[in-house]
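K.L.:
Sending over final-v4.cif (mmCIF, C-alpha atoms).
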data_input
#
loop_
_atom_site.group_PDB
_atom_site.id
_atom_site.type_symbol
_atom_site.label_atom_id
_atom_site.label_comp_id
_atom_site.auth_asym_id
_atom_site.auth_seq_id
_atom_site.Cartn_x
_atom_site.Cartn_y
_atom_site.Cartn_z
ATOM 1 C CA MET A 10 -41.629 32.121 87.821
ATOM 2 C CA LEU A 11 -39.509 33.521 90.574
ATOM 3 C CA ASN A 12 -40.693 32.778 94.090
ATOM 4 C CA ASN A 13 -40.880 35.405 96.804
ATOM 5 C CA LYS A 14 -37.581 34.383 98.425
ATOM 6 C CA THR A 15 -35.680 34.778 95.163
ATOM 7 C CA VAL A 16 -37.235 38.179 94.544
ATOM 8 C CA LEU A 17 -36.290 39.303 98.066
ATOM 9 C CA LYS A 18 -32.678 38.153 97.562
ATOM 10 C CA ILE A 19 -32.384 40.027 94.281
ATOM 11 C CA CYS A 20 -33.889 43.161 95.806
ATOM 12 C CA SER A 21 -31.549 42.926 98.791
ATOM 13 C CA LEU A 22 -28.534 42.607 96.486
ATOM 14 C CA VAL A 23 -29.610 45.597 94.401
ATOM 15 C CA ILE A 24 -30.160 47.687 97.524
ATOM 16 C CA ALA A 25 -26.738 46.670 98.917
ATOM 17 C CA VAL A 26 -25.003 47.633 95.671
ATOM 18 C CA CYS A 27 -26.802 50.962 95.584
ATOM 19 C CA LEU A 28 -25.827 51.695 99.175
ATOM 20 C CA TRP A 29 -22.178 50.807 98.433
ATOM 21 C CA VAL A 30 -22.126 53.066 95.393
ATOM 22 C CA TYR A 31 -23.705 55.840 97.461
ATOM 23 C CA VAL A 32 -21.182 55.479 100.279
ATOM 24 C CA ILE A 33 -18.191 55.368 97.936
ATOM 25 C CA GLY A 34 -19.352 58.009 95.483
ATOM 26 C CA GLU A 35 -21.332 60.396 97.640
ATOM 27 C CA VAL A 36 -20.433 60.039 101.299
ATOM 28 C CA ASN A 37 -16.667 59.553 100.575
ATOM 29 C CA PRO A 38 -15.750 58.025 103.968
ATOM 30 C CA GLU A 39 -12.482 58.467 105.879
ATOM 31 C CA SER A 40 -9.612 56.226 104.819
ATOM 32 C CA ARG A 41 -5.994 55.431 105.741
ATOM 33 C CA LYS A 42 -3.157 54.369 103.448
ATOM 34 C CA LYS A 43 0.555 53.585 103.742
ATOM 35 C CA ILE A 44 2.831 55.353 101.253
ATOM 36 C CA SER A 45 6.312 53.876 100.821
ATOM 37 C CA ASN A 46 9.567 55.031 99.178
ATOM 38 C CA ILE A 47 9.308 58.713 100.028
ATOM 39 C CA GLU A 48 12.700 60.294 99.376
ATOM 40 C CA VAL A 49 14.053 62.711 101.978
ATOM 41 C CA SER A 50 15.737 65.740 100.383
ATOM 42 C CA PHE A 51 17.902 68.363 102.053
ATOM 43 C CA THR A 52 16.777 71.988 102.071
ATOM 44 C CA ASN A 53 18.684 75.221 102.723
ATOM 45 C CA THR A 54 21.978 73.679 101.612
ATOM 46 C CA GLU A 55 22.910 77.143 100.328
ATOM 47 C CA VAL A 56 22.999 78.345 103.935
ATOM 48 C CA LEU A 57 25.646 75.710 104.639
ATOM 49 C CA ALA A 58 27.554 76.745 101.508
ATOM 50 C CA GLU A 59 27.752 80.327 102.753
ATOM 51 C CA ARG A 60 29.627 78.941 105.770
ATOM 52 C CA GLY A 61 31.935 76.798 103.609
ATOM 53 C CA LEU A 62 30.129 73.551 104.476
ATOM 54 C CA ALA A 63 28.305 70.820 102.552
ATOM 55 C CA VAL A 64 26.244 67.684 103.233
ATOM 56 C CA ALA A 65 28.489 64.629 102.889
ATOM 57 C CA ASP A 66 25.844 61.884 102.989
ATOM 58 C CA GLU A 67 26.121 59.567 99.987
ATOM 59 C CA GLU A 68 23.020 57.382 100.336
ATOM 60 C CA THR A 69 19.464 58.480 99.628
ATOM 61 C CA VAL A 70 17.184 58.082 102.661
ATOM 62 C CA MET A 71 13.695 56.697 102.007
ATOM 63 C CA ILE A 72 10.839 56.669 104.504
ATOM 64 C CA SER A 73 7.226 55.498 104.583
ATOM 65 C CA ALA A 74 4.208 57.315 105.983
ATOM 66 C CA VAL A 75 0.622 56.480 106.857
ATOM 67 C CA ILE A 76 -1.815 59.162 105.740
ATOM 68 C CA GLU A 77 -5.524 59.629 106.376
ATOM 69 C CA GLY A 78 -8.376 61.673 105.007
ATOM 70 C CA LYS A 79 -11.311 61.318 102.652
ATOM 71 C CA ARG A 80 -10.990 58.205 100.506
ATOM 72 C CA SER A 81 -10.759 60.144 97.240
ATOM 73 C CA ASP A 82 -8.070 62.472 98.642
ATOM 74 C CA VAL A 83 -6.046 59.594 100.081
ATOM 75 C CA ASN A 84 -6.211 57.598 96.842
ATOM 76 C CA ASP A 85 -5.117 60.653 94.875
ATOM 77 C CA ALA A 86 -2.404 61.797 97.310
ATOM 78 C CA LYS A 87 0.527 59.932 95.783
ATOM 79 C CA LYS A 88 -0.378 61.150 92.313
ATOM 80 C CA ARG A 89 -0.469 64.750 93.533
ATOM 81 C CA GLY A 90 2.846 64.327 95.299
ATOM 82 C CA ILE A 91 4.148 63.382 98.731
ATOM 83 C CA SER A 92 7.667 64.433 99.624
ATOM 84 C CA ALA A 93 9.838 64.853 102.679
ATOM 85 C CA HIS A 94 12.706 67.167 103.568
ATOM 86 C CA ALA A 95 15.243 67.890 106.274
ATOM 87 C CA ASP A 96 16.295 71.499 106.898
ATOM 88 C CA VAL A 97 20.103 71.542 107.255
ATOM 89 C CA SER A 98 20.505 75.304 107.711
ATOM 90 C CA LYS A 99 21.420 74.962 111.390
ATOM 91 C CA CYS A 100 23.772 71.989 110.976
ATOM 92 C CA LYS A 101 27.396 72.241 112.086
ATOM 93 C CA GLU A 102 30.475 70.420 110.822
ATOM 94 C CA GLY A 103 30.317 66.817 111.950
ATOM 95 C CA SER A 104 27.291 64.633 112.763
ATOM 96 C CA ASN A 105 23.868 66.257 113.184
ATOM 97 C CA THR A 106 20.334 65.041 113.902
ATOM 98 C CA VAL A 107 17.614 66.825 111.941
ATOM 99 C CA ASP A 108 13.803 66.547 111.957
ATOM 100 C CA ILE A 109 12.122 65.059 108.879
ATOM 101 C CA VAL A 110 9.149 67.052 107.613
ATOM 102 C CA VAL A 111 6.603 65.244 105.416
ATOM 103 C CA ASN A 112 4.961 67.475 102.815
ATOM 104 C CA LEU A 113 1.377 66.437 102.093
ATOM 105 C CA PRO A 114 -1.161 67.652 99.523
ATOM 106 C CA ASP A 115 -4.335 69.384 100.704
ATOM 107 C CA GLY A 116 -7.053 67.155 102.103
ATOM 108 C CA VAL A 117 -4.895 64.530 103.809
ATOM 109 C CA ARG A 118 -3.269 64.296 107.239
ATOM 110 C CA LEU A 119 -0.202 62.492 108.535
ATOM 111 C CA ASP A 120 -1.053 59.597 110.847
ATOM 112 C CA SER A 121 2.431 58.180 111.386
ATOM 113 C CA VAL A 122 5.884 58.032 109.795
ATOM 114 C CA SER A 123 8.567 55.318 109.811
ATOM 115 C CA GLU A 124 11.273 57.806 110.786
ATOM 116 C CA ASP A 125 10.912 61.353 112.058
ATOM 117 C CA LYS A 126 14.618 62.222 112.311
ATOM 118 C CA ILE A 127 17.680 61.781 110.122
ATOM 119 C CA LYS A 128 21.395 61.860 110.855
ATOM 120 C CA VAL A 129 23.258 64.279 108.607
ATOM 121 C CA LYS A 130 27.034 64.396 108.187
ATOM 122 C CA VAL A 131 28.415 67.831 107.297
ATOM 123 C CA THR A 132 31.974 68.494 106.119
ATOM 124 C CA GLU A 133 34.013 71.290 104.624
ATOM 125 C CA LYS A 134 32.956 72.248 101.093
ATOM 126 C CA VAL A 135 35.539 71.859 98.321
ATOM 127 C CA SER A 136 35.605 72.903 94.666
ATOM 128 C CA GLU A 137 37.530 71.111 91.904
ATOM 129 C CA GLU A 138 37.747 71.508 88.133
ATOM 130 C CA ARG A 139 36.394 68.767 85.861
ATOM 131 C CA ASN A 140 36.289 68.298 82.077
ATOM 132 C CA VAL A 141 32.999 68.584 80.197
ATOM 133 C CA LYS A 142 32.067 65.853 77.700
ATOM 134 C CA ILE A 143 29.136 66.253 75.319
ATOM 135 C CA GLU A 144 26.994 63.172 74.716
ATOM 136 C CA PHE A 145 23.792 62.511 72.786
ATOM 137 C CA SER A 146 20.565 61.005 74.092
ATOM 138 C CA GLY A 147 18.449 58.940 71.729
ATOM 139 C CA GLU A 148 19.279 57.546 68.295
ATOM 140 C CA THR A 149 19.339 59.090 64.845
ATOM 141 C CA ASP A 150 17.126 57.693 62.090
ATOM 142 C CA SER A 151 19.969 58.068 59.582
ATOM 143 C CA GLN A 152 21.947 54.942 58.736
ATOM 144 C CA SER A 153 24.744 56.818 56.955
ATOM 145 C CA GLU A 154 25.271 59.857 59.204
ATOM 146 C CA LEU A 155 26.230 60.324 62.827
ATOM 147 C CA ALA A 156 25.724 63.144 65.313
ATOM 148 C CA TRP A 157 28.943 65.056 65.772
ATOM 149 C CA VAL A 158 30.110 67.698 68.239
ATOM 150 C CA ILE A 159 32.163 70.285 66.371
ATOM 151 C CA ASP A 160 32.779 72.618 69.296
ATOM 152 C CA PHE A 161 31.368 73.361 72.742
ATOM 153 C CA SER A 162 31.739 75.720 75.676
ATOM 154 C CA PRO A 163 32.676 75.649 78.510
ATOM 155 C CA GLU A 164 35.237 72.862 78.223
ATOM 156 C CA THR A 165 35.687 72.650 82.006
ATOM 157 C CA VAL A 166 33.527 73.525 85.019
ATOM 158 C CA TYR A 167 34.023 73.541 88.777
ATOM 159 C CA VAL A 168 32.275 70.897 90.866
ATOM 160 C CA SER A 169 31.528 71.877 94.477
ATOM 161 C CA GLY A 170 30.362 69.907 97.486
ATOM 162 C CA ALA A 171 31.604 67.595 100.194
ATOM 163 C CA ALA A 172 35.084 66.243 99.432
ATOM 164 C CA ASN A 173 33.952 62.594 99.413
ATOM 165 C CA LEU A 174 31.287 63.363 96.793
ATOM 166 C CA VAL A 175 33.414 65.645 94.613
ATOM 167 C CA LYS A 176 36.086 62.939 94.519
ATOM 168 C CA LYS A 177 33.600 60.588 92.852
ATOM 169 C CA VAL A 178 32.987 62.955 89.937
ATOM 170 C CA ASP A 179 35.019 61.770 86.936
ATOM 171 C CA TYR A 180 33.654 64.326 84.457
ATOM 172 C CA VAL A 181 30.627 66.513 83.800
ATOM 173 C CA LYS A 182 28.308 65.203 81.101
ATOM 174 C CA GLY A 183 26.512 67.571 78.764
ATOM 175 C CA THR A 184 23.488 65.911 77.173
ATOM 176 C CA VAL A 185 22.045 66.937 73.787
ATOM 177 C CA ASN A 186 18.781 65.473 72.494
ATOM 178 C CA ILE A 187 19.668 63.859 69.168
ATOM 179 C CA ASP A 188 16.176 64.608 67.829
ATOM 180 C CA LYS A 189 17.257 68.263 67.579
ATOM 181 C CA VAL A 190 20.330 67.459 65.460
ATOM 182 C CA ASP A 191 20.239 67.516 61.636
ATOM 183 C CA THR A 192 22.510 68.277 58.686
ATOM 184 C CA THR A 193 22.439 71.989 59.504
ATOM 185 C CA LEU A 194 25.044 73.249 61.978
ATOM 186 C CA ARG A 195 23.179 74.129 65.182
ATOM 187 C CA ASN A 196 24.190 75.583 68.523
ATOM 188 C CA LEU A 197 22.204 73.680 71.157
ATOM 189 C CA GLU A 198 21.962 73.645 74.936
ATOM 190 C CA ALA A 199 23.448 70.676 76.776
ATOM 191 C CA GLU A 200 22.282 70.131 80.360
ATOM 192 C CA LEU A 201 25.272 69.438 82.602
ATOM 193 C CA THR A 202 25.343 66.519 85.044
ATOM 194 C CA PRO A 203 28.287 65.444 87.240
ATOM 195 C CA VAL A 204 28.916 61.718 86.761
ATOM 196 C CA ASP A 205 31.332 58.983 87.813
ATOM 197 C CA GLU A 206 33.555 57.012 85.422
ATOM 198 C CA ASP A 207 30.603 54.758 84.520
ATOM 199 C CA GLY A 208 28.347 57.710 83.682
ATOM 200 C CA ASN A 209 26.208 57.469 86.821
ATOM 201 C CA GLU A 210 25.014 60.786 88.242
ATOM 202 C CA ILE A 211 26.648 61.957 91.464
ATOM 203 C CA GLU A 212 24.034 63.705 93.573
ATOM 204 C CA GLY A 213 24.738 66.222 96.303
ATOM 205 C CA VAL A 214 27.245 68.303 94.320
ATOM 206 C CA GLU A 215 26.882 71.503 92.306
ATOM 207 C CA THR A 216 28.480 72.650 89.059
ATOM 208 C CA SER A 217 29.607 76.190 88.296
ATOM 209 C CA TYR A 218 27.560 76.046 85.071
ATOM 210 C CA LYS A 219 24.230 74.278 84.589
ATOM 211 C CA ILE A 220 24.225 74.478 80.790
ATOM 212 C CA ALA A 221 26.875 74.090 78.075
ATOM 213 C CA TYR A 222 26.433 75.170 74.453
ATOM 214 C CA ALA A 223 27.465 72.795 71.691
ATOM 215 C CA ASP A 224 27.816 73.219 67.919
ATOM 216 C CA VAL A 225 26.441 69.950 66.546
ATOM 217 C CA GLN A 226 25.601 68.527 63.150
ATOM 218 C CA LEU A 227 24.843 65.258 61.367
ATOM 219 C CA LEU A 228 27.948 64.303 59.373
ATOM 220 C CA ALA A 229 29.037 61.410 57.207
ATOM 221 C CA SER A 230 31.971 59.119 58.028
ATOM 222 C CA LYS A 231 34.451 57.139 55.956
ATOM 223 C CA GLU A 232 37.467 54.842 56.332
ATOM 224 C CA ILE A 233 40.592 56.040 54.476
ATOM 225 C CA ARG A 234 44.171 54.835 54.150
ATOM 226 C CA LEU A 235 46.838 56.258 56.461
ATOM 227 C CA SER A 236 50.578 56.474 55.899
ATOM 228 C CA VAL A 237 52.869 57.687 58.681
ATOM 229 C CA LYS A 238 56.337 59.231 58.634
ATOM 230 C CA ALA A 239 58.612 60.552 61.384
ATOM 231 C CA GLU A 240 59.951 64.071 61.735
ATOM 232 C CA ASN A 241 62.366 65.842 64.111
ATOM 233 C CA THR A 242 64.251 62.609 64.773
ATOM 234 C CA GLU A 243 67.067 63.013 67.302
ATOM 235 C CA SER A 244 70.544 62.751 65.767
ATOM 236 C CA ASP A 245 71.693 59.913 68.023
ATOM 237 C CA VAL A 246 68.777 57.521 67.416
ATOM 238 C CA THR A 247 67.632 55.343 64.548
ATOM 239 C CA ILE A 248 64.004 54.489 63.856
ATOM 240 C CA ASP A 249 63.626 50.740 63.437
ATOM 241 C CA LYS A 250 59.865 50.560 62.995
ATOM 242 C CA ILE A 251 56.714 52.666 63.183
ATOM 243 C CA ASP A 252 53.708 50.498 64.046
ATOM 244 C CA ALA A 253 50.691 52.598 62.996
ATOM 245 C CA PRO A 254 47.133 51.746 61.913
ATOM 246 C CA GLY A 255 46.736 51.302 58.162
ATOM 247 C CA THR A 256 43.384 53.089 58.048
ATOM 248 C CA ILE A 257 41.569 55.735 60.027
ATOM 249 C CA ARG A 258 37.987 56.915 60.140
ATOM 250 C CA ILE A 259 37.187 60.513 59.272
ATOM 251 C CA VAL A 260 33.990 62.519 59.715
ATOM 252 C CA GLY A 261 32.735 65.454 57.670
ATOM 253 C CA ASP A 262 30.495 66.694 54.897
ATOM 254 C CA LYS A 263 29.679 63.804 52.564
ATOM 255 C CA ASP A 264 30.761 65.607 49.383
ATOM 256 C CA VAL A 265 34.077 66.613 50.949
ATOM 257 C CA ILE A 266 35.133 63.274 52.433
ATOM 258 C CA ASN A 267 34.110 61.400 49.283
ATOM 259 C CA GLU A 268 37.065 63.106 47.589
ATOM 260 C CA ILE A 269 39.525 61.952 50.295
ATOM 261 C CA HIS A 270 40.960 58.452 49.840
ATOM 262 C CA SER A 271 44.189 58.607 51.828
ATOM 263 C CA VAL A 272 45.990 60.933 54.200
ATOM 264 C CA GLU A 273 49.476 61.281 55.639
ATOM 265 C CA GLY A 274 50.275 61.512 59.328
ATOM 266 C CA THR A 275 53.454 62.461 61.145
ATOM 267 C CA VAL A 276 55.060 61.377 64.395
ATOM 268 C CA ASP A 277 57.088 64.081 66.159
ATOM 269 C CA MET A 278 60.268 62.394 67.435
ATOM 270 C CA LYS A 279 61.724 65.463 69.159
ATOM 271 C CA GLY A 280 63.069 64.458 72.575
ATOM 272 C CA MET A 281 62.198 60.782 72.054
ATOM 273 C CA THR A 282 65.252 58.607 72.831
ATOM 274 C CA ALA A 283 63.589 55.266 73.632
ATOM 275 C CA SER A 284 60.949 53.039 72.074
ATOM 276 C CA GLY A 285 57.383 53.861 73.021
ATOM 277 C CA LYS A 286 54.063 55.373 71.950
ATOM 278 C CA ALA A 287 53.803 58.644 70.048
ATOM 279 C CA GLU A 288 50.754 60.599 68.872
ATOM 280 C CA ILE A 289 50.115 60.696 65.149
ATOM 281 C CA ILE A 290 49.352 64.188 63.873
ATOM 282 C CA VAL A 291 47.010 64.126 60.879
ATOM 283 C CA ASP A 292 46.530 67.231 58.748
ATOM 284 C CA LEU A 293 42.905 67.252 57.599
ATOM 285 C CA PRO A 294 40.970 69.816 55.540
ATOM 286 C CA ASP A 295 38.732 72.320 57.358
ATOM 287 C CA GLY A 296 35.456 70.724 58.370
ATOM 288 C CA VAL A 297 36.900 67.191 58.412
ATOM 289 C CA TYR A 298 37.584 65.490 61.749
ATOM 290 C CA LEU A 299 39.123 62.340 63.133
ATOM 291 C CA TYR A 300 36.491 59.928 64.463
ATOM 292 C CA ASP A 301 38.898 59.096 67.290
ATOM 293 C CA ASN A 302 40.161 62.251 68.972
ATOM 294 C CA SER A 303 43.708 60.953 68.919
ATOM 295 C CA ILE A 304 45.602 58.066 67.358
ATOM 296 C CA SER A 305 49.047 56.813 68.232
ATOM 297 C CA ALA A 306 51.838 54.711 66.806
ATOM 298 C CA GLY A 307 54.282 52.371 68.445
ATOM 299 C CA VAL A 308 57.776 53.556 67.602
ATOM 300 C CA SER A 309 60.791 51.243 67.930
ATOM 301 C CA ILE A 310 64.127 53.070 67.988
ATOM 302 C CA SER A 311 67.728 52.275 68.747
ATOM 303 C CA SER A 312 70.849 54.319 69.422
ATOM 304 C CA ALA A 313 72.760 55.331 66.315
ATOM 305 C CA GLN A 314 76.129 53.591 65.924
#
Kindly present the structure from the file in structure tokens form.
P.N.:
Amino acid sequence: MLNNKTVLKICSLVIAVCLWVYVIGEVNPESRKKISNIEVSFTNTEVLAERGLAVADEETVMISAVIEGKRSDVNDAKKRGISAHADVSKCKEGSNTVDIVVNLPDGVRLDSVSEDKIKVKVTEKVSEERNVKIEFSGETDSQSELAWVIDFSPETVYVSGAANLVKKVDYVKGTVNIDKVDTTLRNLEAELTPVDEDGNEIEGVETSYKIAYADVQLLASKEIRLSVKAENTESDVTIDKIDAPGTIRIVGDKDVINEIHSVEGTVDMKGMTASGKAEIIVDLPDGVYLYDNSISAGVSISSAQ
């Protein structure tokens, strides 16, 4: 049997656990917590734009903050959202120092912050035209068909912002979710994002359009034979050799491309007086497309004797 000391220890432990549960669950005491990696965004950039200015900072600024409040509110604060911003509406061209404002959910207070000010560089705003390219996100379940962009609009948009940021934009990517693409021709929205040559998003710039519209469809593809001939050859040159690919890949409706086994391409020699590269023009039926937007041939020529 348990002796009195053992019984007292067990009772003490049970009482301690009950008190802890009561404090945590019912009393909900005050607590403090450090939140890291809070991104500082810029607000009222449109006010700068009205004055022909833009924020030129390239790196994202992250801060940390210590918050306090009831334990449950503090523990839930990050889930509910903690953000920070710097109002740039009063900035002038050049270097500026702006206060950082931490935005907290209800029930918590700010105890301290790693940085309360940020330096902001402002320059003249520029606008340049960039090509739009439509890309697909995700993968199709089909092993024999591929997602294909038949047409889209707009083909170009203007990118606006600080000159150093606009310069980094190689093209504007329009993204279509491949899950929405099937064998029926569909016109779908493509969200536009300015990106560099590696496809990484360039933040801090704006595009004249936020959405592009693309005609997309799942199509079949096939390799076919290609023969190439020259036309419009200059009178004073002789073609020695046309180095062209022997096959090309075409894309289209399965029933249509199954009937195509070979195709002829032409190289326009007009104005060409020296060896070099020339685009191969391929005449394809309606609804059939080249997998590669353009193909070229190496043409060796010499002066006629």
K.L.:
Where does stretch 233-295 of chain A meet stretch 175-194 of chain A within 12 Å, residue by residue, with the nearest atom pair and distance in Å to one decimal for each, counting all atoms listed in the file, listed by chain and rising number, as JSON lines?
P.N.:
{"residue": "A:Gly261", "atom": "CA", "partner": "A:Thr192", "partner_atom": "CA", "distance": 10.7}
{"residue": "A:Asp262", "atom": "CA", "partner": "A:Thr192", "partner_atom": "CA", "distance": 9.0}
{"residue": "A:Lys263", "atom": "CA", "partner": "A:Thr192", "partner_atom": "CA", "distance": 10.4}
K.L.:
Determine the nearest neighbour of A:Val204 from the options A:Ser45, A:Thr242, A:Thr69, A:Asn140, counting all atoms listed in the file.
P.N.:
A:Asn140
K.L.:
Specify as a list of chain:residue names each residue included when the PyMOL selection byres ((chain A and resi 116) around 8) is applied to this file.
P.N.:
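So the PyMOL selection byres ((chain A and resi 116) around 8) ends up selecting A:Gly78, A:Lys79, A:Asp82, A:Val83, A:Pro114, A:Asp115, A:Val117, A:Arg118.
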K.L.:
So which residues touch A:Ala283 within 9 Å, counting only C-alpha atoms, skipping near sequence neighbours fewer than 5 positions away, as a CSV table (one decimal) with C-alpha atoms, in the coordinates of the input?
P.N.:
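Done, and the output landed in around27.csv:
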chain,number,residue,atom,x,y,z
A,246,VAL,CA,68.8,57.5,67.4
A,308,VAL,CA,57.8,53.6,67.6
A,309,SER,CA,60.8,51.2,67.9
A,310,ILE,CA,64.1,53.1,68.0
A,311,SER,CA,67.7,52.3,68.7
A,312,SER,CA,70.8,54.3,69.4
K.L.:
Apply the PyMOL selection byres ((chain A and resi 112) around 10) to the structure shown and report the selected residues as a PDB file with C-alpha atoms, in the frame of the given file.
P.N.:
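Done, and the output landed in selection07.pdb:
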ATOM      1  CA  GLY A  90       2.846  64.327  95.299  1.00  0.00           C
ATOM      2  CA  ILE A  91       4.148  63.382  98.731  1.00  0.00           C
ATOM      3  CA  SER A  92       7.667  64.433  99.624  1.00  0.00           C
ATOM      4  CA  ALA A  93       9.838  64.853 102.679  1.00  0.00           C
ATOM      5  CA  HIS A  94      12.706  67.167 103.568  1.00  0.00           C
ATOM      6  CA  ILE A 109      12.122  65.059 108.879  1.00  0.00           C
ATOM      7  CA  VAL A 110       9.149  67.052 107.613  1.00  0.00           C
ATOM      8  CA  VAL A 111       6.603  65.244 105.416  1.00  0.00           C
ATOM      9  CA  LEU A 113       1.377  66.437 102.093  1.00  0.00           C
ATOM     10  CA  PRO A 114      -1.161  67.652  99.523  1.00  0.00           C
ATOM     11  CA  ASP A 115      -4.335  69.384 100.704  1.00  0.00           C
ATOM     12  CA  ARG A 118      -3.269  64.296 107.239  1.00  0.00           C
ATOM     13  CA  LEU A 119      -0.202  62.492 108.535  1.00  0.00           C
TER      14      LEU A 119
END
K.L.:
With only C-alpha atoms as the atoms that count, which of A:Asp66, A:Lys88, A:Asp108, A:Phe145 lies nearest to A:Thr132?
P.N.:
A:Asp66
K.L.:
Return as JSON, numbers by chain the set of residues that the PyMOL selection byres ((chain A and resi 41) around 7) yields on the displayed structure.
P.N.:
{"A": [40, 42, 75, 76, 77, 78]}
K.L.:
Considering all atoms listed in the file, return as number ranges by chain whatever protein or nucleic-acid residues lie within 12 Å of A:Glu55, sequence-local ones (same chain, fewer than 2 positions apart) excluded.
P.N.:
A: 51-53, 57-64, 96-100, 134, 169-170, 213-215
K.L.:
Distance atom CA of A:Val166-atom CA of A:Leu228, one decimal place?
P.N.:
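For atom CA of A:Val166 relative to atom CA of A:Leu228, the distance reads 27.8 Å.
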K.L.:
What's around A:Glu273 at 10 Å? Count all atoms listed in the file, leave out sequence neighbours fewer than 2 positions away in its own chain, and write the answer as a PyMOL selection string.
P.N.:
chain A and resi 234-238+271+275+289-293
K.L.:
Export, as a CSV table (one decimal), keeping the file's coordinate frame, the selected residues with C-alpha atoms.
P.N.:
chain,number,residue,atom,x,y,z
A,234,ARG,CA,44.2,54.8,54.2
A,235,LEU,CA,46.8,56.3,56.5
A,236,SER,CA,50.6,56.5,55.9
A,237,VAL,CA,52.9,57.7,58.7
A,238,LYS,CA,56.3,59.2,58.6
A,271,SER,CA,44.2,58.6,51.8
A,275,THR,CA,53.5,62.5,61.1
A,289,ILE,CA,50.1,60.7,65.1
A,290,ILE,CA,49.4,64.2,63.9
A,291,VAL,CA,47.0,64.1,60.9
A,292,ASP,CA,46.5,67.2,58.7
A,293,LEU,CA,42.9,67.3,57.6
K.L.:
Rank A:Glu68, A:Val168, A:Val141, A:Ile233 by their smallest atom-to-atom distance to A:Glu200, using all atoms listed in the file, and report the top residue only.
P.N.:
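Looking at the shortest contact to A:Glu200, the residue is A:Val141.
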K.L.:
Return the single residue from A:Ser305, A:Asn46, A:Thr15, A:Asn196 that is closest to A:Ala253, with distances computed using all atoms listed in the file.
P.N.:
A:Ser305
K.L.:
Can you work out which one of A:Arg80, A:Lys130, A:Arg258, A:His270 has the shortest atom-to-atom distance to A:Pro38, counting all atoms listed in the file?
P.N.:
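The closest residue to A:Pro38 is A:Arg80.
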